[in-house]
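final38.cif follows; it contains mmCIF, C-alpha atoms.
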data_entry
#
loop_
_atom_site.label_atom_id
_atom_site.label_comp_id
_atom_site.auth_asym_id
_atom_site.auth_seq_id
_atom_site.Cartn_x
_atom_site.Cartn_y
_atom_site.Cartn_z
CA MET A 261 -29.66 51.08 -31.59
CA ALA A 262 -27.09 50.65 -28.83
CA SER A 263 -29.80 50.78 -26.18
CA LEU A 264 -31.81 48.13 -28.01
CA GLU A 265 -28.77 45.87 -28.19
CA ALA A 266 -28.07 46.33 -24.48
CA LYS A 267 -31.68 45.55 -23.66
CA ALA A 268 -31.56 42.43 -25.81
CA GLU A 269 -28.41 41.29 -24.07
CA GLN A 270 -30.12 41.57 -20.69
CA GLU A 271 -32.96 39.29 -21.79
CA PRO A 272 -32.67 35.56 -21.05
CA LEU A 273 -31.66 33.28 -23.88
CA LEU A 274 -34.74 31.19 -23.21
CA SER A 275 -37.23 33.95 -22.52
CA ASP A 276 -40.40 33.43 -20.52
CA SER A 277 -42.80 34.91 -23.05
CA LEU A 278 -46.22 33.30 -23.12
CA PRO A 279 -49.27 33.52 -25.40
CA GLY A 280 -50.40 37.13 -25.59
CA SER A 281 -46.95 38.62 -25.01
CA ARG A 282 -45.17 40.83 -27.50
CA GLU A 283 -42.38 38.27 -28.02
CA TRP A 284 -44.69 35.35 -28.72
CA ASP A 285 -45.08 36.04 -32.44
CA ILE A 286 -41.38 36.63 -33.09
CA ILE A 287 -39.95 33.98 -35.41
CA GLU A 288 -36.42 32.97 -34.48
CA THR A 289 -34.01 32.70 -37.40
CA GLU A 290 -31.72 29.73 -37.85
CA GLU A 291 -28.69 31.93 -37.20
CA HIS A 292 -30.09 33.20 -33.92
CA TYR A 293 -31.06 29.69 -32.91
CA LYS A 294 -27.53 28.37 -33.43
CA SER A 295 -25.98 31.36 -31.70
CA ARG A 296 -28.29 31.02 -28.72
CA TRP A 297 -27.55 27.36 -28.16
CA ARG A 298 -23.83 27.88 -28.72
CA SER A 299 -23.88 30.37 -25.85
CA ILE A 300 -25.88 28.00 -23.66
CA ARG A 301 -23.45 25.13 -24.27
CA ILE A 302 -20.49 27.37 -23.47
CA LEU A 303 -22.12 28.31 -20.17
CA TYR A 304 -22.87 24.66 -19.41
CA LEU A 305 -19.22 23.82 -20.07
CA THR A 306 -18.14 26.71 -17.85
CA MET A 307 -20.28 25.48 -14.97
CA PHE A 308 -19.04 21.92 -15.49
CA LEU A 309 -15.38 22.97 -15.35
CA SER A 310 -16.10 25.10 -12.30
CA SER A 311 -17.64 22.10 -10.56
CA VAL A 312 -14.64 19.93 -11.48
CA GLY A 313 -12.30 22.53 -10.01
CA PHE A 314 -14.37 22.73 -6.84
CA SER A 315 -14.23 18.95 -6.42
CA ILE A 316 -10.46 18.90 -6.89
CA VAL A 317 -9.97 21.57 -4.26
CA MET A 318 -12.33 19.85 -1.83
CA MET A 319 -10.20 16.71 -1.90
CA SER A 320 -6.87 18.49 -1.45
CA ILE A 321 -7.77 21.41 0.80
CA TRP A 322 -7.16 19.60 4.10
CA PRO A 323 -3.68 18.23 3.23
CA TYR A 324 -2.80 21.61 1.69
CA LEU A 325 -3.93 23.46 4.82
CA GLN A 326 -1.88 21.16 7.02
CA LYS A 327 1.17 21.66 4.84
CA ILE A 328 1.12 25.45 4.76
CA ASP A 329 0.20 26.05 8.41
CA GLN A 330 0.77 23.49 11.15
CA THR A 331 -1.40 25.48 13.58
CA ALA A 332 -4.55 24.74 11.55
CA ASP A 333 -6.81 22.00 12.87
CA ALA A 334 -9.94 20.30 11.58
CA SER A 335 -12.18 22.93 13.12
CA PHE A 336 -10.47 25.67 11.11
CA LEU A 337 -10.95 23.53 8.01
CA GLY A 338 -14.69 23.95 8.48
CA TRP A 339 -14.36 27.73 8.38
CA VAL A 340 -12.19 27.59 5.26
CA ILE A 341 -14.74 25.44 3.43
CA ALA A 342 -17.66 27.55 4.67
CA SER A 343 -16.01 30.76 3.46
CA PHE A 344 -16.62 29.69 -0.15
CA SER A 345 -20.39 29.41 0.35
CA LEU A 346 -20.45 32.61 2.37
CA GLY A 347 -18.74 34.51 -0.43
CA GLN A 348 -21.10 32.99 -2.98
CA MET A 349 -24.16 33.84 -0.90
CA VAL A 350 -23.06 37.49 -0.63
CA ALA A 351 -22.09 37.83 -4.30
CA SER A 352 -25.07 36.09 -5.94
CA PRO A 353 -27.67 38.84 -5.28
CA ILE A 354 -25.11 41.54 -6.13
CA PHE A 355 -24.25 40.06 -9.51
CA GLY A 356 -27.90 39.21 -10.12
CA LEU A 357 -28.99 42.80 -9.45
CA TRP A 358 -26.13 44.07 -11.59
CA SER A 359 -27.27 41.93 -14.52
CA ASN A 360 -30.79 43.33 -14.25
CA TYR A 361 -29.62 46.85 -15.07
CA ARG A 362 -26.49 46.30 -17.13
CA PRO A 363 -25.37 43.87 -19.86
CA ARG A 364 -24.71 40.47 -18.36
CA LYS A 365 -21.21 40.30 -19.76
CA GLU A 366 -20.10 42.92 -17.23
CA PRO A 367 -20.74 40.90 -14.04
CA LEU A 368 -19.59 37.73 -15.81
CA ILE A 369 -16.24 39.29 -16.76
CA VAL A 370 -15.72 40.86 -13.34
CA SER A 371 -16.61 37.67 -11.47
CA THR A 372 -14.30 35.64 -13.71
CA LEU A 373 -11.41 38.03 -13.03
CA ILE A 374 -12.09 37.77 -9.29
CA SER A 375 -12.07 33.98 -9.53
CA VAL A 376 -8.77 33.97 -11.43
CA GLY A 377 -7.14 36.31 -8.93
CA ALA A 378 -8.50 34.37 -5.96
CA ASN A 379 -7.26 31.05 -7.32
CA CYS A 380 -3.82 32.58 -7.88
CA LEU A 381 -3.83 33.71 -4.26
CA TYR A 382 -4.87 30.22 -3.20
CA ALA A 383 -1.97 28.73 -5.17
CA TYR A 384 0.55 30.95 -3.37
CA VAL A 385 -0.79 31.01 0.20
CA HIS A 386 2.30 29.03 1.23
CA VAL A 387 4.62 31.93 0.39
CA PRO A 388 3.97 34.28 3.37
CA ALA A 389 6.07 33.60 6.45
CA SER A 390 3.12 33.40 8.84
CA HIS A 391 -0.70 33.43 9.09
CA ASN A 392 -0.95 31.24 6.02
CA LYS A 393 -4.23 29.68 7.10
CA TYR A 394 -5.88 33.09 7.14
CA TYR A 395 -4.65 33.80 3.61
CA MET A 396 -6.30 30.55 2.58
CA LEU A 397 -9.49 31.60 4.33
CA VAL A 398 -9.55 34.87 2.39
CA ALA A 399 -8.66 33.12 -0.88
CA ARG A 400 -11.50 30.61 -0.61
CA GLY A 401 -13.91 33.39 0.31
CA LEU A 402 -12.92 35.34 -2.80
CA VAL A 403 -13.22 32.22 -4.95
CA GLY A 404 -16.76 31.82 -3.62
CA PHE A 405 -17.46 35.49 -4.32
CA GLY A 406 -16.41 34.96 -7.93
CA ALA A 407 -18.60 31.87 -8.09
CA GLY A 408 -21.57 34.13 -7.34
CA ASN A 409 -21.88 34.55 -11.12
CA VAL A 410 -23.99 31.39 -11.08
CA ALA A 411 -26.97 33.68 -10.50
CA VAL A 412 -26.19 35.52 -13.73
CA ILE A 413 -25.65 32.29 -15.65
CA ARG A 414 -28.93 30.83 -14.45
CA SER A 415 -30.82 33.97 -15.41
CA TYR A 416 -29.06 33.99 -18.79
CA ILE A 417 -30.26 30.51 -19.69
CA ALA A 418 -33.49 30.82 -17.74
CA GLY A 419 -36.75 29.74 -19.27
CA ALA A 420 -39.09 26.83 -19.38
CA THR A 421 -38.38 25.49 -22.88
CA SER A 422 -36.84 26.55 -26.17
CA LEU A 423 -38.68 29.00 -28.39
CA GLN A 424 -40.04 26.44 -30.78
CA GLU A 425 -41.39 24.34 -27.89
CA ARG A 426 -43.28 27.33 -26.49
CA THR A 427 -45.52 27.52 -29.54
CA SER A 428 -47.22 24.25 -28.64
CA SER A 429 -49.15 25.23 -25.49
CA MET A 430 -48.90 26.62 -21.99
CA ALA A 431 -49.19 23.07 -20.69
CA ASN A 432 -45.62 22.46 -21.78
CA THR A 433 -44.48 25.40 -19.67
CA SER A 434 -46.15 24.03 -16.56
CA ALA A 435 -44.66 20.60 -17.18
CA CYS A 436 -41.17 22.04 -17.45
CA GLN A 437 -41.70 24.08 -14.29
CA ALA A 438 -42.40 20.82 -12.52
CA LEU A 439 -38.92 19.69 -13.48
CA GLY A 440 -37.44 22.62 -11.58
CA PHE A 441 -36.75 25.24 -14.25
CA ILE A 442 -36.67 28.83 -12.99
CA LEU A 443 -38.71 31.34 -14.96
CA GLY A 444 -37.23 34.77 -15.51
CA PRO A 445 -39.05 37.93 -14.40
CA ALA A 446 -42.00 39.08 -16.46
CA SER A 447 -44.09 42.20 -16.25
CA THR A 448 -47.71 41.87 -15.17
CA ASP A 449 -48.99 42.90 -18.58
CA GLU A 450 -47.12 40.09 -20.33
CA ILE A 451 -48.08 37.08 -18.26
CA GLN A 452 -51.41 35.97 -16.92
CA VAL A 453 -51.00 34.43 -13.50
CA PRO A 454 -53.70 31.93 -12.54
CA GLN A 455 -55.72 32.79 -9.46
CA GLY A 456 -55.11 30.85 -6.27
CA SER A 457 -52.78 31.02 -3.33
CA ILE A 458 -49.58 29.07 -2.68
CA ASP A 459 -49.43 26.81 0.38
CA GLN A 460 -46.92 28.74 2.50
CA VAL A 461 -46.60 25.89 5.00
CA ALA A 462 -45.49 23.58 2.19
CA VAL A 463 -43.07 26.27 0.95
CA VAL A 464 -41.44 26.70 4.37
CA ALA A 465 -41.28 22.95 4.94
CA SER A 466 -39.68 22.44 1.53
CA ASN A 467 -37.02 25.03 2.34
CA VAL A 468 -36.27 23.27 5.62
CA LEU A 469 -36.04 19.91 3.88
CA PHE A 470 -33.73 21.34 1.23
CA PHE A 471 -31.56 22.95 3.90
CA VAL A 472 -31.11 19.67 5.76
CA ILE A 473 -30.36 17.73 2.55
CA LEU A 474 -27.57 20.11 1.52
CA PHE A 475 -26.37 20.46 5.12
CA ILE A 476 -25.85 16.71 5.38
CA PHE A 477 -23.97 16.37 2.12
CA ALA A 478 -21.85 19.47 2.82
CA LEU A 479 -20.68 18.03 6.13
CA PHE A 480 -20.03 14.64 4.55
CA GLU A 481 -17.79 15.97 1.78
CA THR A 482 -16.04 18.15 4.37
CA ILE A 483 -15.18 15.35 6.77
CA VAL A 484 -14.21 12.67 4.22
CA THR A 485 -10.53 13.63 4.00
CA PRO A 486 -9.84 14.25 7.73
CA LEU A 487 -11.77 11.09 8.63
CA THR A 488 -9.86 8.80 6.29
CA MET A 489 -6.52 10.29 7.30
CA ASP A 490 -7.33 9.77 10.98
CA MET A 491 -8.84 6.31 10.69
CA TYR A 492 -6.60 4.65 8.11
CA ALA A 493 -3.34 6.58 8.64
CA TRP A 494 -3.34 7.69 5.02
CA THR A 495 -0.75 10.23 3.98
CA ARG A 496 -1.85 13.50 2.42
CA GLU A 497 -1.13 12.19 -1.06
CA GLN A 498 -3.03 8.96 -0.41
CA ALA A 499 -6.02 10.82 0.99
CA VAL A 500 -6.24 13.10 -2.03
CA LEU A 501 -5.96 10.17 -4.44
CA TYR A 502 -8.22 7.64 -2.71
CA ASP A 503 -10.89 10.11 -1.61
CA GLY A 504 -10.89 11.61 -5.09
CA ILE A 505 -11.54 8.17 -6.56
CA ILE A 506 -14.32 7.55 -4.05
CA LEU A 507 -16.07 10.85 -4.76
CA ALA A 508 -15.65 10.35 -8.50
CA ALA A 509 -17.37 6.98 -8.16
CA LEU A 510 -20.14 8.67 -6.16
CA GLY A 511 -20.52 11.19 -8.99
CA VAL A 512 -21.06 8.39 -11.49
CA GLU A 513 -23.48 6.79 -9.06
CA ALA A 514 -25.37 10.07 -8.78
CA VAL A 515 -25.80 10.31 -12.55
CA ILE A 516 -27.33 6.82 -12.59
CA ILE A 517 -29.59 7.71 -9.65
CA PHE A 518 -30.76 10.90 -11.36
CA MET A 519 -31.86 8.90 -14.39
CA GLY A 520 -33.45 6.20 -12.26
CA VAL A 521 -35.53 8.47 -10.02
CA LYS A 522 -36.91 10.23 -13.08
CA LEU A 523 -38.54 6.98 -14.16
CA LEU A 524 -39.41 5.82 -10.66
CA SER A 525 -41.13 9.10 -9.74
CA LYS A 526 -43.72 8.47 -12.45
CA LYS A 527 -44.77 5.28 -10.67
CA ILE A 528 -44.57 6.09 -6.95
CA GLY A 529 -44.35 9.90 -6.87
CA GLU A 530 -41.76 12.42 -5.71
CA ARG A 531 -42.74 12.38 -2.03
CA ALA A 532 -42.17 8.65 -1.67
CA ILE A 533 -38.74 8.92 -3.29
CA LEU A 534 -37.83 11.83 -1.01
CA LEU A 535 -38.85 9.81 2.03
CA GLY A 536 -36.96 6.76 0.82
CA GLY A 537 -33.88 8.87 0.11
CA LEU A 538 -33.85 10.26 3.64
CA ILE A 539 -34.14 6.77 5.08
CA VAL A 540 -31.18 5.61 2.97
CA VAL A 541 -29.13 8.63 4.11
CA TRP A 542 -29.95 7.80 7.74
CA ALA A 543 -28.82 4.22 7.19
CA GLY A 544 -25.58 5.49 5.66
CA PHE A 545 -24.68 7.63 8.67
CA PHE A 546 -25.82 4.95 11.12
CA ILE A 547 -23.42 2.46 9.52
CA LEU A 548 -20.69 5.10 9.83
CA LEU A 549 -20.88 5.00 13.65
CA PRO A 550 -17.73 3.50 15.25
CA TRP A 551 -18.13 -0.09 16.52
CA GLY A 552 -15.85 -2.80 17.91
CA ASN A 553 -12.67 -2.73 19.98
CA GLN A 554 -10.05 -1.86 17.36
CA PHE A 555 -8.69 1.67 17.66
CA PRO A 556 -7.09 3.95 15.08
CA LYS A 557 -3.36 4.42 14.90
CA ILE A 558 -2.21 7.31 17.06
CA GLN A 559 -0.10 9.94 15.35
CA TRP A 560 3.16 9.02 17.18
CA GLU A 561 6.12 7.19 15.73
CA ASP A 562 6.80 4.59 18.39
CA LEU A 563 3.29 4.13 19.80
CA HIS A 564 1.16 1.12 18.88
CA ASN A 565 -2.38 0.60 20.13
CA ASN A 566 -1.78 -3.04 20.99
CA SER A 567 1.22 -2.18 23.16
CA ILE A 568 -0.55 0.05 25.67
CA PRO A 569 -0.68 -1.71 29.05
CA ASN A 570 -3.66 -1.69 31.38
CA THR A 571 -3.03 1.71 32.88
CA THR A 572 -5.18 4.61 33.88
CA PHE A 573 -6.23 7.26 31.40
CA GLY A 574 -3.99 9.83 33.06
CA GLU A 575 -0.94 7.56 32.80
CA ILE A 576 -1.64 7.02 29.11
CA ILE A 577 -1.71 10.76 28.53
CA ILE A 578 1.61 11.25 30.37
CA THR A 579 3.20 8.45 28.35
CA LEU A 580 1.98 9.93 25.11
CA TRP A 581 3.28 13.39 25.85
CA LYS A 582 6.68 11.95 26.72
CA SER A 583 6.84 10.04 23.44
CA PRO A 584 8.97 11.63 20.73
CA ARG A 585 7.06 13.16 17.83
CA GLU A 586 7.70 12.05 14.26
CA ASP A 587 9.98 14.18 12.19
CA HIS A 588 7.97 17.14 10.93
CA ASN A 589 9.01 16.74 7.35
CA GLU A 590 8.01 13.08 7.17
CA GLY A 591 4.34 13.89 7.56
CA PRO A 592 2.96 12.03 10.60
CA THR A 593 0.00 9.79 9.90
CA GLY A 594 -2.82 8.52 12.07
CA CYS A 595 -5.20 10.09 14.53
CA PRO A 596 -3.59 13.17 16.14
CA ILE A 597 -3.17 13.05 19.90
CA GLU A 598 -4.65 16.55 20.17
CA GLN A 599 -7.99 14.86 19.50
CA ALA A 600 -8.47 13.08 22.83
CA TRP A 601 -11.25 10.87 21.46
CA CYS A 602 -8.66 9.00 19.35
CA LEU A 603 -7.65 7.12 22.51
CA TYR A 604 -11.04 5.62 23.30
CA THR A 605 -13.14 5.75 20.11
CA PRO A 606 -13.09 2.59 17.95
CA MET A 607 -11.98 3.03 14.37
CA ILE A 608 -14.40 3.08 11.46
CA HIS A 609 -13.48 0.14 9.26
CA LEU A 610 -12.91 0.78 5.58
CA ALA A 611 -15.82 -1.52 4.67
CA GLN A 612 -18.07 0.59 6.91
CA PHE A 613 -16.92 3.79 5.27
CA LEU A 614 -17.36 2.51 1.72
CA THR A 615 -20.80 1.07 2.45
CA SER A 616 -21.83 4.34 4.05
CA ALA A 617 -20.53 6.32 1.07
CA VAL A 618 -22.53 4.18 -1.35
CA LEU A 619 -25.74 4.65 0.65
CA ILE A 620 -25.25 8.40 1.01
CA GLY A 621 -24.45 8.50 -2.71
CA ILE A 622 -27.86 6.93 -3.35
CA GLY A 623 -29.88 8.96 -0.86
CA TYR A 624 -28.47 12.44 -1.46
CA PRO A 625 -29.13 12.80 -5.22
CA SER A 626 -32.58 11.27 -4.79
CA CYS A 627 -33.48 13.78 -2.09
CA ASN A 628 -31.87 16.67 -3.93
CA VAL A 629 -33.69 16.30 -7.24
CA MET A 630 -37.02 15.42 -5.60
CA SER A 631 -36.91 18.43 -3.27
CA TYR A 632 -36.31 20.73 -6.26
CA THR A 633 -39.11 19.10 -8.25
CA LEU A 634 -41.61 19.19 -5.39
CA TYR A 635 -40.80 22.80 -4.62
CA SER A 636 -41.40 23.88 -8.20
CA LYS A 637 -44.66 21.92 -8.36
CA ILE A 638 -45.85 23.49 -5.12
CA LEU A 639 -45.23 26.97 -6.54
CA GLY A 640 -47.02 26.14 -9.78
CA PRO A 641 -47.24 28.51 -12.76
CA LYS A 642 -46.75 31.66 -10.71
CA PRO A 643 -43.46 33.63 -11.02
CA GLN A 644 -40.93 31.75 -8.91
CA GLY A 645 -38.03 34.22 -8.71
CA VAL A 646 -38.46 35.24 -5.06
CA TYR A 647 -39.30 31.75 -3.87
CA MET A 648 -36.34 30.27 -5.71
CA GLY A 649 -34.22 32.96 -4.07
CA TRP A 650 -35.29 31.64 -0.67
CA LEU A 651 -34.40 28.12 -1.73
CA THR A 652 -30.98 29.24 -2.94
CA ALA A 653 -30.40 31.11 0.31
CA SER A 654 -31.29 28.05 2.38
CA GLY A 655 -28.88 25.95 0.30
CA SER A 656 -26.08 28.48 0.76
CA ALA A 657 -26.71 28.62 4.50
CA ALA A 658 -26.53 24.84 4.64
CA ARG A 659 -23.17 24.80 2.87
CA ILE A 660 -21.89 27.40 5.33
CA LEU A 661 -23.12 25.79 8.54
CA GLY A 662 -22.53 22.15 7.58
CA PRO A 663 -18.72 22.30 7.38
CA VAL A 664 -18.49 24.43 10.53
CA PHE A 665 -20.75 22.08 12.47
CA ILE A 666 -19.02 18.85 11.51
CA SER A 667 -15.49 20.19 11.93
CA GLN A 668 -16.19 21.51 15.41
CA VAL A 669 -18.04 18.43 16.66
CA TYR A 670 -15.65 15.98 15.01
CA THR A 671 -12.54 17.67 16.43
CA SER A 672 -13.92 17.99 19.95
CA TRP A 673 -16.03 14.85 20.39
CA GLY A 674 -15.16 12.51 17.55
CA PRO A 675 -17.11 10.62 14.88
CA ARG A 676 -19.43 8.84 17.31
CA TRP A 677 -21.00 12.08 18.53
CA ALA A 678 -20.82 13.77 15.14
CA PHE A 679 -22.60 11.04 13.19
CA SER A 680 -25.05 10.33 16.01
CA LEU A 681 -26.17 13.95 15.87
CA VAL A 682 -26.52 13.69 12.10
CA CYS A 683 -28.67 10.57 12.49
CA GLY A 684 -30.86 12.41 14.97
CA MET A 685 -31.17 15.32 12.57
CA VAL A 686 -32.26 13.02 9.76
CA VAL A 687 -34.86 11.38 12.03
CA LEU A 688 -36.31 14.83 12.82
CA THR A 689 -36.36 15.63 9.11
CA ILE A 690 -38.21 12.41 8.33
CA THR A 691 -40.69 13.31 11.06
CA LEU A 692 -41.21 16.74 9.50
CA LEU A 693 -41.75 15.16 6.10
CA GLY A 694 -44.35 12.84 7.62
CA VAL A 695 -46.20 15.80 9.17
CA VAL A 696 -46.38 17.81 5.93
CA TYR A 697 -46.51 14.82 3.58
CA LYS A 698 -50.09 15.46 2.42
CA ARG A 699 -49.39 19.16 1.82
CA LEU A 700 -46.45 18.60 -0.53
CA ILE A 701 -48.61 18.41 -3.64
CA ALA A 702 -48.57 20.23 -6.96
CA TYR A 703 -50.26 23.60 -7.30
CA SER A 704 -52.61 22.23 -9.96
CA ILE A 705 -53.71 19.36 -7.72
CA ARG A 706 -54.24 21.65 -4.75
CA HIS A 707 -56.58 23.82 -6.79
CA GLY A 708 -58.37 20.91 -8.44
CA ARG A 709 -57.02 21.40 -11.96
CA SER A 710 -55.62 17.92 -12.24
CA GLN A 711 -55.62 14.64 -10.38
CA GLU A 712 -52.73 13.29 -8.33
#
Represent the supplied structure as structure tokens.
Amino acid sequence: MASLEAKAEQEPLLSDSLPGSREWDIIETEEHYKSRWRSIRILYLTMFLSSVGFSIVMMSIWPYLQKIDQTADASFLGWVIASFSLGQMVASPIFGLWSNYRPRKEPLIVSTLISVGANCLYAYVHVPASHNKYYMLVARGLVGFGAGNVAVIRSYIAGATSLQERTSSMANTSACQALGFILGPASTDEIQVPQGSIDQVAVVASNVLFFVILFIFALFETIVTPLTMDMYAWTREQAVLYDGIILAALGVEAVIIFMGVKLLSKKIGERAILLGGLIVVWAGFFILLPWGNQFPKIQWEDLHNNSIPNTTFGEIIITLWKSPREDHNEGPTGCPIEQAWCLYTPMIHLAQFLTSAVLIGIGYPSCNVMSYTLYSKILGPKPQGVYMGWLTASGSAARILGPVFISQVYTSWGPRWAFSLVCGMVVLTITLLGVVYKRLIAYSIRHGRSQE
């Protein structure tokens, strides 16, 4: 009896049984139905709260890092942010494999305990006398490791539809797959896989597109706080508050976009929306390029941009180094002199930044949901576990490399180079989409089972 209960616990709440399987004829009781959906809603709430916590940390991590360790710069910030995704990428397959052989509550409990301990460490990284930034690096990595339980959660609620919806027809299953649901593993004697091969070129291209989409948004959310503090001389408290409001507004915008693209995709198709989303993202980063002749405030107490005489660059540097630094406890504001580009790069006006944020807030969710939908349609009714694993890996890699890339380029060369490179990357991505545009079609269309 105990072994049967353990086996039942390892099965997904929304199983992937199909006509002809042993589970198909099982009638779910009302009690089981309520219990199953209660568990699903609890997991949804857990993931929602986890996302809220992640957003809060993202807005405050740069001011917090500066406060606990003055030796940390924007380039180190990229490594701190990337450590979360690295930990998650390592932990996800471990917890997923664990849940395949043991009850799912075990990896869920362990990962939750790791997350609690890691967040406690993060809260007290200011206590050690030195090397505080490295304690933060470890803490964020452990938080990401604990967040690897998302693989278990997804497998726990995996399935195409609820049990009562499955009794209608297999067509419903294929329709739900097109919306991006991930089917759990099934043995070969329980599921009949239609004949036909998957377009591997379309699969690889979709993974590349997904990587770039997440890479771009990861670097944007990484650089928002340092950028606004440098350009507008916001204090740490102001940056956390104002940037939090901006990203919250983008979250509301994303919800509206998600609902809108669902209706629009029925009229013009997913590929057109994906292309349009990339163009909007490119426009957002192009607008973000510095223009004009107004420069950001330099992070020195008695230095004003409009008071610098017509002197050589070397004389300016000597003057700056001779200028007294603001009191350490007062929290200097402005563009730090360690970033040499602050002296010759025009500032990004607040109207530019807000317009860019709105455009990126439109383009990113459009691209994100359409890339998921297209990928699932390309795979069709075949088991998608391995392919979805590749997609998850590409997304994790993007969230690792994006923060590192933008922090290094931004610190060394400034926003003009950083955002120009991003614009170039988006242009290459649009070119790739144009090359494979005709191949990004549903499995059923490719094999002549339905019309586009």
Query raised in the report: Which is closest to Leu549 in chain A among A:Lys526, A:Ala678, A:Leu619, A:Ser636, if we use only C-alpha atoms?
Result: A:Ala678
Query - Given the PyMOL selection byres ((chain A and resi 372) around 10), the residues it picks as an MDAnalysis selection string - result: chainID A and resid 366:371 373:378 403 405:409
Query - Atom pair CA of Pro596 in chain A / CA of Tyr384 in chain A: separation (Å) - result: 26.7 Å
**Report entry** Residue nearest Asp490 in chain A among A:Ser525, A:Ser466, A:Gln348, A:Tyr670 (counting only C-alpha atoms)
**Finding:** A:Tyr670
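For the structure in this document, the set picked by the PyMOL selection byres ((chain A and resi 684) around 12) is A:Val472, A:Ile476, A:Leu538, A:Ile539, A:Val541, A:Trp542, A:Ala543, A:Phe545, A:Phe546, A:Trp677, A:Ala678, A:Phe679, A:Ser680, A:Leu681, A:Val682, A:Cys683, A:Met685, A:Val686, A:Val687, A:Leu688, A:Thr689, A:Ile690, A:Thr691.
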**Report entry** Nearest to Arg531 in chain A, chosen from A:Tyr324, A:Tyr632, A:Trp650, A:Tyr304, with all atoms listed in the file counted in the distances
**Finding:** A:Tyr632
**Report entry** Selected residue of minimal separation from Met318 in chain A among A:Thr485, A:Thr289, A:Ser654, A:Ser345, counting all atoms listed in the file
**Finding:** A:Thr485
Report task. For Pro556 in chain A, work out the shell of residues within 8 Å, counting all atoms listed in the file and skipping chain neighbours fewer than 2 positions away, then give it as a PyMOL selection string. Result -> chain A and resi 490-493+554+558+565+594-595+602+606-607
Take the residues just selected and output them with C-alpha atoms as a PDB file, keeping the file's coordinate frame.
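For reference, selection_38.pdb as written:
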ATOM      1  CA  ASP A 490      -7.330   9.770  10.980  1.00  0.00           C
ATOM      2  CA  MET A 491      -8.840   6.310  10.690  1.00  0.00           C
ATOM      3  CA  TYR A 492      -6.600   4.650   8.110  1.00  0.00           C
ATOM      4  CA  ALA A 493      -3.340   6.580   8.640  1.00  0.00           C
ATOM      5  CA  GLN A 554     -10.050  -1.860  17.360  1.00  0.00           C
ATOM      6  CA  ILE A 558      -2.210   7.310  17.060  1.00  0.00           C
ATOM      7  CA  ASN A 565      -2.380   0.600  20.130  1.00  0.00           C
ATOM      8  CA  GLY A 594      -2.820   8.520  12.070  1.00  0.00           C
ATOM      9  CA  CYS A 595      -5.200  10.090  14.530  1.00  0.00           C
ATOM     10  CA  CYS A 602      -8.660   9.000  19.350  1.00  0.00           C
ATOM     11  CA  PRO A 606     -13.090   2.590  17.950  1.00  0.00           C
ATOM     12  CA  MET A 607     -11.980   3.030  14.370  1.00  0.00           C
TER      13      MET A 607
END
Report summary line: Leu610 in chain A proximity check over A:Tyr697, A:Tyr647, A:Trp494, A:Trp339, using all atoms listed in the file: winner is A:Trp494
Requested in this report: Starting from the displayed file, determine the output of the PyMOL selection byres ((chain A and resi 395-401) around 8) and express the residue list as a PyMOL selection string.
Outcome: chain A and resi 325+339-341+343-348+378-379+381-382+385+391-394+402-405
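Of the residues under consideration (A:Leu548, A:Val412, A:Leu305, A:Val515), A:Val412 shows the shortest atom-to-atom contact distance to Trp358 in chain A when counting all atoms listed in the file.
CA of Met319 in chain A is positioned 16.5 Å from CA of Gly621 in chain A.
Our summary of the geometry notes that CA of Gln668 in chain A is positioned 20.6 Å from CA of Ala499 in chain A.
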